[in-house]
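Q: Structure file run-v8.cif (mmCIF, C-alpha atoms) is given on the next line.
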```cif
data_final
loop_
_atom_site.label_atom_id
_atom_site.label_comp_id
_atom_site.auth_asym_id
_atom_site.auth_seq_id
_atom_site.Cartn_x
_atom_site.Cartn_y
_atom_site.Cartn_z
CA MET A 1 -31.16 -43.91 2.66
CA ASP A 2 -29.37 -47.15 3.49
CA ILE A 3 -25.90 -47.46 2.06
CA THR A 4 -25.84 -50.87 0.48
CA ARG A 5 -22.75 -52.37 -1.10
CA ARG A 6 -24.18 -51.72 -4.59
CA ARG A 7 -24.98 -48.06 -3.79
CA LEU A 8 -21.52 -47.55 -2.29
CA LEU A 9 -19.93 -48.83 -5.50
CA VAL A 10 -21.93 -46.25 -7.45
CA LEU A 11 -21.33 -43.41 -4.97
CA LEU A 12 -17.57 -43.78 -4.60
CA PRO A 13 -16.63 -42.84 -8.20
CA ALA A 14 -19.21 -40.02 -8.07
CA ALA A 15 -17.64 -38.72 -4.85
CA ALA A 16 -14.18 -38.92 -6.42
CA VAL A 17 -15.35 -36.84 -9.40
CA ALA A 18 -17.02 -34.33 -7.08
CA TRP A 19 -13.89 -34.01 -4.91
CA LYS A 20 -11.77 -33.31 -8.00
CA PHE A 21 -14.21 -30.55 -8.89
CA VAL A 22 -13.94 -29.06 -5.40
CA GLN A 23 -10.15 -29.14 -5.55
CA ALA A 24 -10.11 -27.51 -8.99
CA GLY A 25 -12.14 -24.63 -7.57
CA THR A 26 -9.74 -24.04 -4.69
CA PRO A 27 -7.44 -21.23 -5.80
CA GLU A 28 -3.90 -21.22 -4.53
CA ALA A 29 -3.19 -17.54 -3.84
CA ALA A 30 0.55 -18.14 -4.05
CA PRO A 31 2.76 -21.14 -3.35
CA ASN A 32 3.34 -21.69 0.37
CA TYR A 33 0.90 -18.89 1.25
CA LYS A 34 -1.90 -19.86 3.62
CA MET A 35 -4.69 -17.32 3.93
CA THR A 36 -5.78 -18.64 7.32
CA GLU A 37 -2.39 -17.79 8.84
CA HIS A 38 -2.63 -14.04 8.17
CA TRP A 39 -4.80 -11.07 9.09
CA TRP A 40 -3.46 -8.01 7.33
CA ALA A 41 -3.51 -4.43 8.59
CA MET A 42 -1.44 -1.27 8.28
CA LEU A 43 0.09 1.14 10.74
CA ILE A 44 0.46 4.81 9.85
CA ASP A 45 2.76 6.86 12.06
CA ILE A 46 1.58 10.40 11.36
CA PRO A 47 4.46 12.19 13.18
CA LYS A 48 6.87 10.47 10.76
CA CYS A 49 5.11 11.44 7.51
CA ILE A 50 6.95 14.12 5.50
CA GLY A 51 4.40 14.30 2.66
CA CYS A 52 6.98 13.40 0.00
CA GLY A 53 4.42 11.51 -2.11
CA SER A 54 6.67 8.45 -2.62
CA CYS A 55 3.83 6.14 -1.55
CA VAL A 56 1.40 7.70 -4.03
CA ARG A 57 3.86 7.42 -6.93
CA ALA A 58 4.80 3.83 -6.03
CA CYS A 59 1.14 2.81 -5.75
CA SER A 60 0.38 4.33 -9.15
CA GLN A 61 3.26 2.43 -10.76
CA GLU A 62 2.64 -0.86 -8.98
CA ASN A 63 -1.08 -0.95 -9.67
CA ASP A 64 -1.29 0.97 -12.96
CA VAL A 65 -3.62 3.55 -11.40
CA PRO A 66 -5.02 5.97 -14.02
CA GLU A 67 -3.76 9.57 -13.95
CA GLY A 68 -5.85 11.71 -11.60
CA TYR A 69 -7.12 8.74 -9.56
CA PHE A 70 -5.60 7.40 -6.36
CA ARG A 71 -5.64 4.17 -4.39
CA THR A 72 -3.67 5.98 -1.71
CA TRP A 73 -3.19 9.70 -1.22
CA ILE A 74 -1.81 12.19 1.28
CA GLU A 75 -3.75 15.03 2.86
CA ARG A 76 -2.17 18.11 4.41
CA TYR A 77 -4.11 19.41 7.40
CA HIS A 78 -4.00 22.92 8.76
CA VAL A 79 -5.82 23.27 12.06
CA ALA A 80 -6.13 26.83 13.34
CA ASP A 81 -6.10 27.18 17.11
CA TRP A 82 -9.73 28.25 17.23
CA LYS A 83 -11.05 26.02 14.40
CA ILE A 84 -10.41 22.49 15.60
CA GLU A 85 -13.74 21.30 14.19
CA ARG A 86 -13.05 22.84 10.76
CA PRO A 87 -9.56 21.92 9.60
CA GLU A 88 -8.35 23.05 6.18
CA VAL A 89 -7.46 19.98 4.16
CA GLU A 90 -5.67 19.92 0.81
CA SER A 91 -4.28 17.17 -1.38
CA PRO A 92 -2.94 18.59 -4.67
CA ASP A 93 -2.73 15.70 -7.18
CA GLY A 94 -3.10 13.34 -4.21
CA GLY A 95 0.24 14.59 -2.89
CA LYS A 96 1.92 12.64 -5.69
CA GLN A 97 4.62 15.27 -6.28
CA GLY A 98 4.90 16.37 -2.68
CA PHE A 99 3.44 19.59 -1.30
CA PRO A 100 4.38 23.23 -1.95
CA PRO A 101 5.64 25.16 1.09
CA ASN A 102 2.83 26.02 3.45
CA GLU A 103 2.19 29.77 3.56
CA ILE A 104 -0.14 29.56 6.55
CA SER A 105 1.44 30.26 9.91
CA GLY A 106 0.10 29.39 13.35
CA GLY A 107 -2.02 26.45 14.36
CA LYS A 108 -1.07 22.89 13.56
CA ASN A 109 0.09 21.51 10.22
CA PHE A 110 0.61 17.83 9.48
CA PHE A 111 0.24 15.16 6.79
CA VAL A 112 -2.19 12.24 6.88
CA PRO A 113 -1.67 9.39 4.39
CA LYS A 114 -4.92 7.64 3.48
CA LEU A 115 -5.90 4.41 1.81
CA CYS A 116 -8.57 1.72 2.03
CA ASN A 117 -8.98 0.81 5.70
CA HIS A 118 -9.58 -2.88 4.88
CA CYS A 119 -12.44 -2.90 7.36
CA GLU A 120 -13.46 -6.16 8.97
CA ASP A 121 -17.12 -5.12 8.82
CA SER A 122 -16.83 -2.96 5.74
CA PRO A 123 -19.88 -1.03 4.53
CA CYS A 124 -18.74 -1.44 0.91
CA THR A 125 -18.87 -5.23 0.96
CA GLN A 126 -22.18 -5.21 2.84
CA VAL A 127 -23.95 -3.18 0.17
CA CYS A 128 -22.68 -5.25 -2.75
CA PRO A 129 -25.61 -7.26 -4.09
CA VAL A 130 -23.57 -9.77 -6.09
CA GLY A 131 -20.48 -10.47 -4.00
CA ALA A 132 -18.24 -8.48 -6.35
CA THR A 133 -16.36 -7.00 -3.41
CA PHE A 134 -15.53 -8.99 -0.34
CA VAL A 135 -13.23 -9.51 2.64
CA THR A 136 -10.74 -12.33 2.02
CA PRO A 137 -10.03 -14.94 4.73
CA ASP A 138 -6.78 -13.03 5.44
CA GLY A 139 -8.53 -9.71 6.01
CA VAL A 140 -8.07 -7.81 2.74
CA VAL A 141 -10.99 -6.11 0.99
CA LEU A 142 -10.75 -6.93 -2.72
CA VAL A 143 -12.83 -6.03 -5.77
CA ASP A 144 -13.92 -8.44 -8.50
CA LEU A 145 -15.64 -6.15 -11.05
CA GLY A 146 -18.14 -3.67 -9.56
CA CYS A 147 -21.38 -1.73 -10.12
CA ARG A 148 -20.57 1.56 -8.25
CA TYR A 149 -22.85 1.05 -5.25
CA CYS A 150 -19.81 0.37 -3.07
CA VAL A 151 -18.18 3.65 -4.16
CA GLN A 152 -20.94 5.54 -2.38
CA ALA A 153 -20.97 3.20 0.60
CA CYS A 154 -17.30 3.65 1.55
CA PRO A 155 -17.28 6.23 4.38
CA TYR A 156 -13.61 6.99 3.73
CA GLY A 157 -13.90 7.82 0.01
CA CYS A 158 -11.36 5.16 -0.88
CA ARG A 159 -13.07 3.81 -4.01
CA PHE A 160 -13.32 5.16 -7.53
CA ILE A 161 -14.50 4.01 -10.93
CA ASN A 162 -11.55 3.22 -13.15
CA PRO A 163 -12.24 5.05 -16.43
CA LYS A 164 -10.40 2.34 -18.43
CA THR A 165 -12.26 -0.68 -17.06
CA ASN A 166 -15.43 1.14 -15.89
CA THR A 167 -15.40 -0.90 -12.72
CA ALA A 168 -14.84 -0.08 -9.05
CA GLU A 169 -11.24 0.06 -7.90
CA LYS A 170 -9.43 0.62 -4.64
CA CYS A 171 -6.33 -0.30 -2.67
CA SER A 172 -5.84 -4.06 -2.65
CA LEU A 173 -3.14 -3.80 0.02
CA CYS A 174 -0.90 -4.98 -2.84
CA TYR A 175 -2.41 -8.46 -2.48
CA HIS A 176 -0.18 -9.67 -5.35
CA ARG A 177 2.87 -8.68 -3.27
CA ILE A 178 1.91 -9.64 0.30
CA THR A 179 0.93 -13.15 -0.79
CA LYS A 180 4.46 -13.54 -2.19
CA GLY A 181 6.14 -12.49 1.06
CA LEU A 182 6.79 -8.88 -0.05
CA THR A 183 5.55 -5.72 1.61
CA THR A 184 3.19 -3.29 -0.14
CA ALA A 185 4.67 -0.85 -2.68
CA CYS A 186 3.84 2.15 -0.45
CA CYS A 187 5.53 0.61 2.59
CA GLU A 188 8.51 -0.44 0.47
CA VAL A 189 9.27 3.11 -0.62
CA CYS A 190 8.25 5.11 2.47
CA PRO A 191 11.53 6.84 3.40
CA THR A 192 10.69 7.49 7.06
CA GLY A 193 8.86 4.29 8.00
CA ALA A 194 5.60 6.18 8.44
CA ARG A 195 3.78 3.25 6.83
CA GLN A 196 4.18 -0.29 8.12
CA LEU A 197 2.39 -3.38 6.85
CA ALA A 198 1.21 -5.48 9.79
CA ASP A 199 0.06 -9.06 10.15
CA LEU A 200 -2.15 -9.20 13.22
CA LYS A 201 -2.10 -13.01 13.26
CA ASN A 202 1.69 -13.10 13.46
CA PRO A 203 2.61 -12.96 17.17
CA LYS A 204 6.14 -11.80 16.27
CA ASP A 205 4.92 -8.78 14.27
CA PRO A 206 6.16 -5.54 15.92
CA ILE A 207 2.64 -4.08 15.61
CA HIS A 208 1.56 -5.90 18.79
CA GLU A 209 4.19 -4.11 20.89
CA PHE A 210 3.40 -0.82 19.11
CA LEU A 211 -0.33 -1.10 19.80
CA LYS A 212 0.37 -1.82 23.47
CA THR A 213 2.67 1.14 23.99
CA HIS A 214 1.10 3.86 21.82
CA THR A 215 -2.21 5.69 21.65
CA VAL A 216 -3.52 4.49 18.32
CA GLN A 217 -6.77 5.34 16.56
CA VAL A 218 -8.67 4.39 13.43
CA LEU A 219 -10.55 6.81 11.15
CA LYS A 220 -14.24 7.33 12.01
CA PRO A 221 -14.35 4.82 14.89
CA HIS A 222 -18.00 5.75 15.57
CA MET A 223 -18.96 3.98 12.34
CA ALA A 224 -17.79 0.63 13.77
CA THR A 225 -16.37 -0.52 10.46
CA GLY A 226 -13.60 -2.56 12.07
CA ALA A 227 -11.01 -0.48 10.19
CA LYS A 228 -7.56 -2.05 10.18
CA VAL A 229 -5.46 0.97 9.23
CA PHE A 230 -4.20 2.19 12.59
CA TYR A 231 -3.02 5.78 12.98
CA ASN A 232 -0.48 6.81 15.60
CA GLY A 233 -0.35 10.44 16.72
CA MET A 234 -3.57 11.36 14.92
CA ASP A 235 -5.09 14.74 15.77
CA GLY A 236 -8.77 14.79 16.74
CA SER A 237 -9.49 17.07 13.77
CA VAL A 238 -8.69 14.34 11.20
CA ARG A 239 -11.76 13.14 9.34
CA MET B 240 -42.96 -27.65 -11.41
CA VAL B 241 -40.26 -30.31 -11.80
CA ILE B 242 -39.25 -28.81 -15.15
CA ALA B 243 -39.02 -25.33 -13.57
CA VAL B 244 -36.79 -26.64 -10.79
CA ILE B 245 -34.58 -28.47 -13.26
CA ALA B 246 -34.38 -25.35 -15.47
CA PHE B 247 -33.42 -23.27 -12.42
CA VAL B 248 -30.71 -25.72 -11.36
CA VAL B 249 -29.28 -25.91 -14.91
CA LEU B 250 -29.37 -22.14 -15.41
CA ARG B 251 -27.83 -21.48 -12.01
CA ALA B 252 -25.02 -23.92 -12.72
CA ALA B 253 -24.39 -22.22 -16.07
CA VAL B 254 -24.50 -18.62 -14.81
CA VAL B 255 -22.93 -18.72 -11.33
CA PRO B 256 -19.12 -19.11 -11.37
CA HIS B 257 -18.07 -22.52 -10.09
CA SER B 258 -15.97 -21.06 -7.26
CA PHE B 259 -18.77 -18.79 -6.00
CA GLY B 260 -19.48 -19.43 -2.32
CA GLU B 261 -16.23 -21.24 -1.68
CA TYR B 262 -15.12 -18.81 1.04
CA GLY B 263 -18.23 -16.63 1.28
CA HIS B 264 -20.71 -14.75 -0.89
CA TYR B 265 -18.19 -14.09 -3.67
CA ARG B 266 -16.18 -15.80 -6.42
CA GLY B 267 -13.37 -17.67 -4.69
CA ASP B 268 -11.13 -17.62 -7.76
CA ALA B 269 -11.03 -13.80 -7.59
CA ILE B 270 -8.57 -14.10 -4.68
CA ALA B 271 -6.09 -16.15 -6.71
CA GLU B 272 -6.51 -13.77 -9.64
CA ALA B 273 -5.69 -10.77 -7.41
CA ALA B 274 -2.64 -12.61 -6.04
CA ALA B 275 -1.45 -13.53 -9.53
CA ARG B 276 -1.04 -9.93 -10.75
CA PRO B 277 2.54 -9.08 -11.73
CA VAL B 278 4.84 -7.36 -9.25
CA VAL B 279 6.38 -4.06 -10.43
CA HIS B 280 8.63 -2.94 -7.55
CA ALA B 281 11.56 -5.33 -7.08
CA GLY B 282 12.22 -4.48 -3.42
CA HIS B 283 15.51 -3.26 -1.93
CA ASP B 284 16.85 -6.78 -1.31
CA VAL B 285 16.90 -7.45 -5.06
CA CYS B 286 18.70 -4.15 -5.78
CA GLU B 287 21.26 -4.71 -3.06
CA ALA B 288 22.12 -8.18 -4.37
CA CYS B 289 23.84 -6.58 -7.41
CA HIS B 290 24.59 -2.99 -6.35
CA THR B 291 26.71 -3.88 -3.32
CA ASP B 292 28.97 -0.84 -3.85
CA VAL B 293 26.00 1.53 -3.54
CA PHE B 294 24.71 -0.32 -0.50
CA ASP B 295 28.13 -0.02 1.15
CA GLN B 296 27.96 3.76 0.62
CA LYS B 297 24.39 3.92 1.94
CA LYS B 298 25.37 2.04 5.10
CA LEU B 299 27.66 4.93 6.05
CA GLY B 300 24.89 7.54 6.00
CA LYS B 301 21.33 8.19 7.09
CA HIS B 302 19.87 7.18 3.73
CA VAL B 303 20.55 3.52 4.55
CA VAL B 304 16.91 3.19 5.63
CA ILE B 305 15.58 4.41 2.29
CA ALA B 306 14.69 1.79 -0.31
CA CYS B 307 16.33 2.22 -3.74
CA GLU B 308 12.96 2.47 -5.49
CA THR B 309 11.90 5.42 -3.32
CA CYS B 310 14.07 7.62 -5.55
CA HIS B 311 14.69 5.45 -8.62
CA GLY B 312 11.09 4.29 -9.08
CA ALA B 313 9.90 0.74 -9.84
CA GLN B 314 12.85 -1.28 -11.16
CA LEU B 315 11.77 -4.92 -11.47
CA LYS B 316 12.05 -4.71 -15.27
CA HIS B 317 15.63 -3.46 -14.87
CA ALA B 318 16.36 -6.28 -12.39
CA ASP B 319 15.02 -8.84 -14.87
CA ASP B 320 16.98 -7.40 -17.81
CA PRO B 321 19.74 -5.13 -16.48
CA ALA B 322 21.63 -5.02 -19.80
CA THR B 323 18.77 -3.56 -21.83
CA ILE B 324 16.60 -1.65 -19.37
CA LYS B 325 18.45 1.12 -17.56
CA PRO B 326 16.96 3.35 -14.85
CA ALA B 327 16.40 6.96 -15.89
CA LYS B 328 18.88 9.60 -14.73
CA LEU B 329 17.35 11.54 -11.85
CA ASP B 330 17.16 15.29 -11.35
CA THR B 331 18.23 15.89 -7.76
CA THR B 332 16.81 19.44 -7.84
CA ILE B 333 13.30 17.92 -7.91
CA LEU B 334 13.99 14.64 -6.15
CA CYS B 335 15.70 15.90 -3.00
CA ALA B 336 13.25 18.79 -2.62
CA ARG B 337 10.29 16.41 -2.37
CA CYS B 338 11.58 15.27 1.00
CA HIS B 339 13.85 18.08 2.18
CA GLU B 340 12.13 21.30 1.02
CA ALA B 341 11.04 23.18 4.14
CA ASN B 342 7.36 22.77 4.96
CA SER B 343 5.66 23.60 8.24
CA ALA B 344 3.66 20.34 8.06
CA LYS B 345 6.84 18.22 8.17
CA PRO B 346 8.11 16.89 11.50
CA LYS B 347 10.35 19.52 13.15
CA THR B 348 13.20 17.02 13.61
CA PHE B 349 13.33 16.16 9.91
CA PRO B 350 16.21 17.89 8.00
CA GLN B 351 14.70 20.65 5.84
CA VAL B 352 16.11 23.51 3.76
CA VAL B 353 14.72 26.35 1.68
CA SER B 354 16.43 25.25 -1.51
CA ALA B 355 16.46 28.72 -3.06
CA ASP B 356 18.53 29.98 -0.11
CA HIS B 357 20.46 26.76 0.45
CA SER B 358 21.72 26.02 -3.04
CA GLY B 359 20.60 28.97 -5.17
CA GLY B 360 19.27 26.70 -7.90
CA LEU B 361 22.29 24.38 -8.04
CA ALA B 362 21.52 20.67 -8.29
CA CYS B 363 21.85 19.01 -4.88
CA ASP B 364 24.36 16.43 -6.15
CA THR B 365 26.81 19.25 -6.93
CA CYS B 366 27.78 19.07 -3.24
CA HIS B 367 25.94 16.07 -1.75
CA GLN B 368 26.37 12.44 -2.73
CA PRO B 369 22.72 11.25 -2.63
CA HIS B 370 23.53 7.75 -1.31
CA ARG B 371 25.59 9.24 1.54
CA PRO B 372 24.51 12.85 1.76
CA LYS B 373 26.38 14.22 4.77
CA ILE B 374 29.29 16.21 3.31
CA GLU B 375 31.60 15.72 6.34
CA ASP B 376 31.44 11.97 5.81
CA THR B 377 32.83 11.90 2.28
CA ALA B 378 36.09 10.07 1.62
CA GLU B 379 38.01 13.22 0.54
CA THR B 380 37.26 15.22 3.67
CA LYS B 381 37.83 12.23 5.93
CA SER B 382 41.25 11.51 4.46
CA LYS B 383 42.35 15.12 5.01
CA PRO B 384 43.38 16.50 8.44
CA ALA B 385 40.46 18.00 10.37
CA THR B 386 41.76 21.57 10.08
CA GLU B 387 42.13 21.28 6.32
CA ALA B 388 38.72 19.66 5.90
CA LYS B 389 37.05 22.58 7.70
CA LYS B 390 38.50 25.17 5.29
#
```
Since I need it in another form, could you write the structure as structure tokens?
A:
Amino acid sequence: MDITRRRLLVLLPAAAVAWKFVQAGTPEAAPNYKMTEHWWAMLIDIPKCIGCGSCVRACSQENDVPEGYFRTWIERYHVADWKIERPEVESPDGGKQGFPPNEISGGKNFFVPKLCNHCEDSPCTQVCPVGATFVTPDGVVLVDLGCRYCVQACPYGCRFINPKTNTAEKCSLCYHRITKGLTTACCEVCPTGARQLADLKNPKDPIHEFLKTHTVQVLKPHMATGAKVFYNGMDGSVR
Amino acid sequence: MVIAVIAFVVLRAAVVPHSFGEYGHYRGDAIAEAAARPVVHAGHDVCEACHTDVFDQKKLGKHVVIACETCHGAQLKHADDPATIKPAKLDTTILCARCHEANSAKPKTFPQVVSADHSGGLACDTCHQPHRPKIEDTAETKSKPATEAKK
């Protein structure tokens, strides 16, 4: 189609209207926050975790998580010397009130905090037929309503159906906080620094030095989910 | 055929949210909605701006690294309206035990006690000042001569 002077006169106002529409649909996550400048992750330093449950309580308060459901939780592992493949795992009330003294002696005992792994290639977003769960341009897996298919697809068991809203719910990496320059509620209250929010796109973030100098793993690496919750000092028995 | 195409275009425009597909196969506005949720934990910087006396105490002990809301819970409402909304009084018998009760799964270097043997049911703040818990560091013992403080 040739652009004549007459057609241009007609097209220009139409383009202006269309551009306004495009701008109106561009959500500003928070003032001064640019999604393209961040790529969020978390570091969990298992040898520092004391299983106090502060992260679970803070998450519940921050995100109004229903009683008995958890966006983050703590597991206590007991690995007997001769049962490395079959660890005993417990998480009473998600570890929200801490853990009772461990009666079992021998073997290894340790805590493992868990949450959504905010996978780059997450199975949960891939199975969603309507785009109700997705990876944001800054690397956070969010939920916008939900039909339950994703709950089954998550290999880490991080999703649940909120009984109040009847929709899928999970850790949002406190998206309402990190976009305002705050850390997540769980990292804010962790008394030993076992949880650290990390921005992989920020070259000054201490995570880069930590990843270089420590042996760090992700959960279920064989599933190639691109998990972004990195665990330091994780025993091979952790599932 | 033309009517069917027009009907499809009109219906699609009516049903699909306008921001769908902006960043990918999802509703773009959902990101801004997630970011707009209210914050509940104020963060230690906000607490320390007013409670400088407590922060000065914390700086002298190991609990300096612990955020206020780890023990006191979410306090943004209190920060917004400190005159009306007051934080609840805490029970140190429960609170301190969550971190310091002996448990074989805790790191060996972390200070742990069996509270039944250590305090015999007494509240921890009977002897320890929670913001600066090491007893030897308290002002009274420091002001006294070393021999007297050890008694």
Q: For chain A versus chain B, which residues have an atom no more than 8 Å away, and what is each residue's nearest atom pair and distance in Å rounded to one decimal, using only C-alpha atoms, chain-then-number order, as a Markdown table?
A:
```
| residue | atom | partner | partner_atom | distance |
| --- | --- | --- | --- | --- |
| A:Gly25 | CA | B:Ser258 | CA | 5.2 |
| A:Thr26 | CA | B:Asp268 | CA | 7.3 |
| A:Pro27 | CA | B:Ala271 | CA | 5.3 |
| A:Glu28 | CA | B:Ala271 | CA | 5.9 |
| A:Ala29 | CA | B:Ala271 | CA | 4.3 |
| A:Ala30 | CA | B:Ala274 | CA | 6.7 |
| A:Pro47 | CA | B:Pro346 | CA | 6.2 |
| A:Lys48 | CA | B:Pro346 | CA | 6.6 |
| A:Cys49 | CA | B:Lys345 | CA | 7.0 |
| A:Ile50 | CA | B:Lys345 | CA | 4.9 |
| A:Gly51 | CA | B:Lys345 | CA | 7.2 |
| A:Cys52 | CA | B:Arg337 | CA | 5.1 |
| A:Gly53 | CA | B:Arg337 | CA | 7.7 |
| A:Ser54 | CA | B:Thr309 | CA | 6.1 |
| A:Ala58 | CA | B:Gly312 | CA | 7.0 |
| A:Gln61 | CA | B:Ala313 | CA | 6.9 |
| A:Glu62 | CA | B:Val279 | CA | 5.1 |
| A:Arg76 | CA | B:Ala344 | CA | 7.2 |
| A:Tyr77 | CA | B:Ala344 | CA | 7.9 |
| A:Gln97 | CA | B:Arg337 | CA | 7.0 |
| A:Gly98 | CA | B:Arg337 | CA | 5.4 |
| A:Phe99 | CA | B:Arg337 | CA | 7.6 |
| A:Pro100 | CA | B:Asn342 | CA | 7.5 |
| A:Pro101 | CA | B:Asn342 | CA | 4.9 |
| A:Asn102 | CA | B:Asn342 | CA | 5.8 |
| A:Lys108 | CA | B:Ala344 | CA | 7.7 |
| A:Asn109 | CA | B:Ala344 | CA | 4.3 |
| A:Phe110 | CA | B:Ala344 | CA | 4.2 |
| A:Phe111 | CA | B:Ala344 | CA | 6.3 |
| A:Val130 | CA | B:Tyr265 | CA | 7.3 |
| A:Gly131 | CA | B:Tyr265 | CA | 4.3 |
| A:Ala132 | CA | B:Tyr265 | CA | 6.2 |
| A:Thr133 | CA | B:Tyr265 | CA | 7.3 |
| A:Phe134 | CA | B:Tyr265 | CA | 6.6 |
| A:Thr136 | CA | B:Ile270 | CA | 7.3 |
| A:Pro137 | CA | B:Tyr262 | CA | 7.4 |
| A:Leu142 | CA | B:Ile270 | CA | 7.7 |
| A:Asp144 | CA | B:Ala269 | CA | 6.2 |
| A:Tyr175 | CA | B:Ala274 | CA | 5.5 |
| A:His176 | CA | B:Ala274 | CA | 3.9 |
| A:Arg177 | CA | B:Val278 | CA | 6.4 |
| A:Thr179 | CA | B:Ala274 | CA | 6.4 |
| A:Leu182 | CA | B:Gly282 | CA | 7.8 |
| A:Ala185 | CA | B:His280 | CA | 6.6 |
| A:Glu188 | CA | B:Ala306 | CA | 6.6 |
| A:Val189 | CA | B:Thr309 | CA | 4.4 |
| A:Cys190 | CA | B:Thr309 | CA | 6.9 |
| A:Pro191 | CA | B:Ile305 | CA | 4.9 |
| A:Thr192 | CA | B:Ile305 | CA | 7.5 |
```
Q: Translate the PyMOL selection byres ((chain A and resi 216) around 10) into a concrete residue list for this structure, as a compact mmCIF listing (two decimals) with C-alpha atoms, in the frame of the given file.
A:
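Dumped everything to result37.txt:
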```
# COMPACT_ATOMS: atom_id res chain seq x y z
CA LEU A 43 0.09 1.14 10.74
CA ILE A 44 0.46 4.81 9.85
CA ASP A 45 2.76 6.86 12.06
CA PHE A 210 3.40 -0.82 19.11
CA LEU A 211 -0.33 -1.10 19.80
CA LYS A 212 0.37 -1.82 23.47
CA THR A 213 2.67 1.14 23.99
CA HIS A 214 1.10 3.86 21.82
CA THR A 215 -2.21 5.69 21.65
CA GLN A 217 -6.77 5.34 16.56
CA VAL A 218 -8.67 4.39 13.43
CA VAL A 229 -5.46 0.97 9.23
CA PHE A 230 -4.20 2.19 12.59
CA TYR A 231 -3.02 5.78 12.98
CA ASN A 232 -0.48 6.81 15.60
CA GLY A 233 -0.35 10.44 16.72
CA MET A 234 -3.57 11.36 14.92
```
Q: Near His317 in chain B, counting only C-alpha atoms, which residues have an atom at most 10 Å away, once you skip same-chain residues fewer than 4 positions from it, shown as a VMD selection string?
A: chain B and resid 281 286 313 321 to 326
Q: Where does the PyMOL selection byres ((chain A and resi 173) around 7) land in this file, that is, which residues does it pick, as a list in words?
A: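 Against this file, the PyMOL selection byres ((chain A and resi 173) around 7) returns the residues Val140, Cys171, Ser172, Cys174, Tyr175 and Thr184 of chain A.
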Q: Translate the PyMOL selection byres ((chain A and resi 165) around 12) into a concrete residue list for this structure, as a tab-separated table (two decimals) with C-alpha atoms, keeping the file's coordinate frame.
A:
```tsv
chain	number	residue	atom	x	y	z
A	64	ASP	CA	-1.29	0.97	-12.96
A	65	VAL	CA	-3.62	3.55	-11.40
A	66	PRO	CA	-5.02	5.97	-14.02
A	144	ASP	CA	-13.92	-8.44	-8.50
A	145	LEU	CA	-15.64	-6.15	-11.05
A	146	GLY	CA	-18.14	-3.67	-9.56
A	147	CYS	CA	-21.38	-1.73	-10.12
A	160	PHE	CA	-13.32	5.16	-7.53
A	161	ILE	CA	-14.50	4.01	-10.93
A	162	ASN	CA	-11.55	3.22	-13.15
A	163	PRO	CA	-12.24	5.05	-16.43
A	164	LYS	CA	-10.40	2.34	-18.43
A	166	ASN	CA	-15.43	1.14	-15.89
A	167	THR	CA	-15.40	-0.90	-12.72
A	168	ALA	CA	-14.84	-0.08	-9.05
A	169	GLU	CA	-11.24	0.06	-7.90
```
Q: Report, in Å to a single decimal, how far apart CA of Ser237 in chain A and CA of Leu200 in chain A are.
A: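 Computed distance, CA of Leu200 in chain A to CA of Ser237 in chain A, equals 27.3 Å.
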Q: In Å, how far is it from CA of Pro369 in chain B to CA of Gln196 in chain A?
A: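 Between these atoms lies a distance of 24.3 Å.
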Q: For range 166-175 of chain A, write N, CA and C atoms out as a PDB file, in the first residue's frame.
A:
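Once everything was written out, this is result-v3.pdb:
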```pdb
ATOM      1  N   ASN A 166     -10.089 -20.243  46.245  1.00  0.00           N
ATOM      2  CA  ASN A 166     -10.241 -21.410  45.362  1.00  0.00           C
ATOM      3  C   ASN A 166      -9.368 -21.330  44.119  1.00  0.00           C
ATOM      4  N   THR A 167      -8.266 -20.647  44.242  1.00  0.00           N
ATOM      5  CA  THR A 167      -7.336 -20.550  43.112  1.00  0.00           C
ATOM      6  C   THR A 167      -5.949 -20.992  43.562  1.00  0.00           C
ATOM      7  N   ALA A 168      -5.085 -21.254  42.584  1.00  0.00           N
ATOM      8  CA  ALA A 168      -3.727 -21.701  42.898  1.00  0.00           C
ATOM      9  C   ALA A 168      -2.944 -20.573  43.546  1.00  0.00           C
ATOM     10  N   GLU A 169      -2.091 -20.959  44.500  1.00  0.00           N
ATOM     11  CA  GLU A 169      -1.271 -19.963  45.188  1.00  0.00           C
ATOM     12  C   GLU A 169       0.106 -20.531  45.464  1.00  0.00           C
ATOM     13  N   LYS A 170       1.059 -19.675  45.572  1.00  0.00           N
ATOM     14  CA  LYS A 170       2.442 -20.078  45.816  1.00  0.00           C
ATOM     15  C   LYS A 170       3.264 -18.866  46.201  1.00  0.00           C
ATOM     16  N   CYS A 171       4.524 -19.102  46.522  1.00  0.00           N
ATOM     17  CA  CYS A 171       5.446 -18.005  46.834  1.00  0.00           C
ATOM     18  C   CYS A 171       5.561 -17.080  45.629  1.00  0.00           C
ATOM     19  N   SER A 172       5.429 -15.778  45.887  1.00  0.00           N
ATOM     20  CA  SER A 172       5.578 -14.805  44.800  1.00  0.00           C
ATOM     21  C   SER A 172       6.927 -14.103  44.901  1.00  0.00           C
ATOM     22  N   LEU A 173       7.817 -14.662  45.738  1.00  0.00           N
ATOM     23  CA  LEU A 173       9.097 -14.038  46.063  1.00  0.00           C
ATOM     24  C   LEU A 173       8.848 -12.605  46.568  1.00  0.00           C
ATOM     25  N   CYS A 174       7.716 -12.456  47.270  1.00  0.00           N
ATOM     26  CA  CYS A 174       7.298 -11.139  47.792  1.00  0.00           C
ATOM     27  C   CYS A 174       7.456 -10.068  46.701  1.00  0.00           C
ATOM     28  N   TYR A 175       6.843 -10.326  45.563  1.00  0.00           N
ATOM     29  CA  TYR A 175       6.989  -9.416  44.412  1.00  0.00           C
ATOM     30  C   TYR A 175       6.592  -7.977  44.773  1.00  0.00           C
TER      31      TYR A 175
END
```
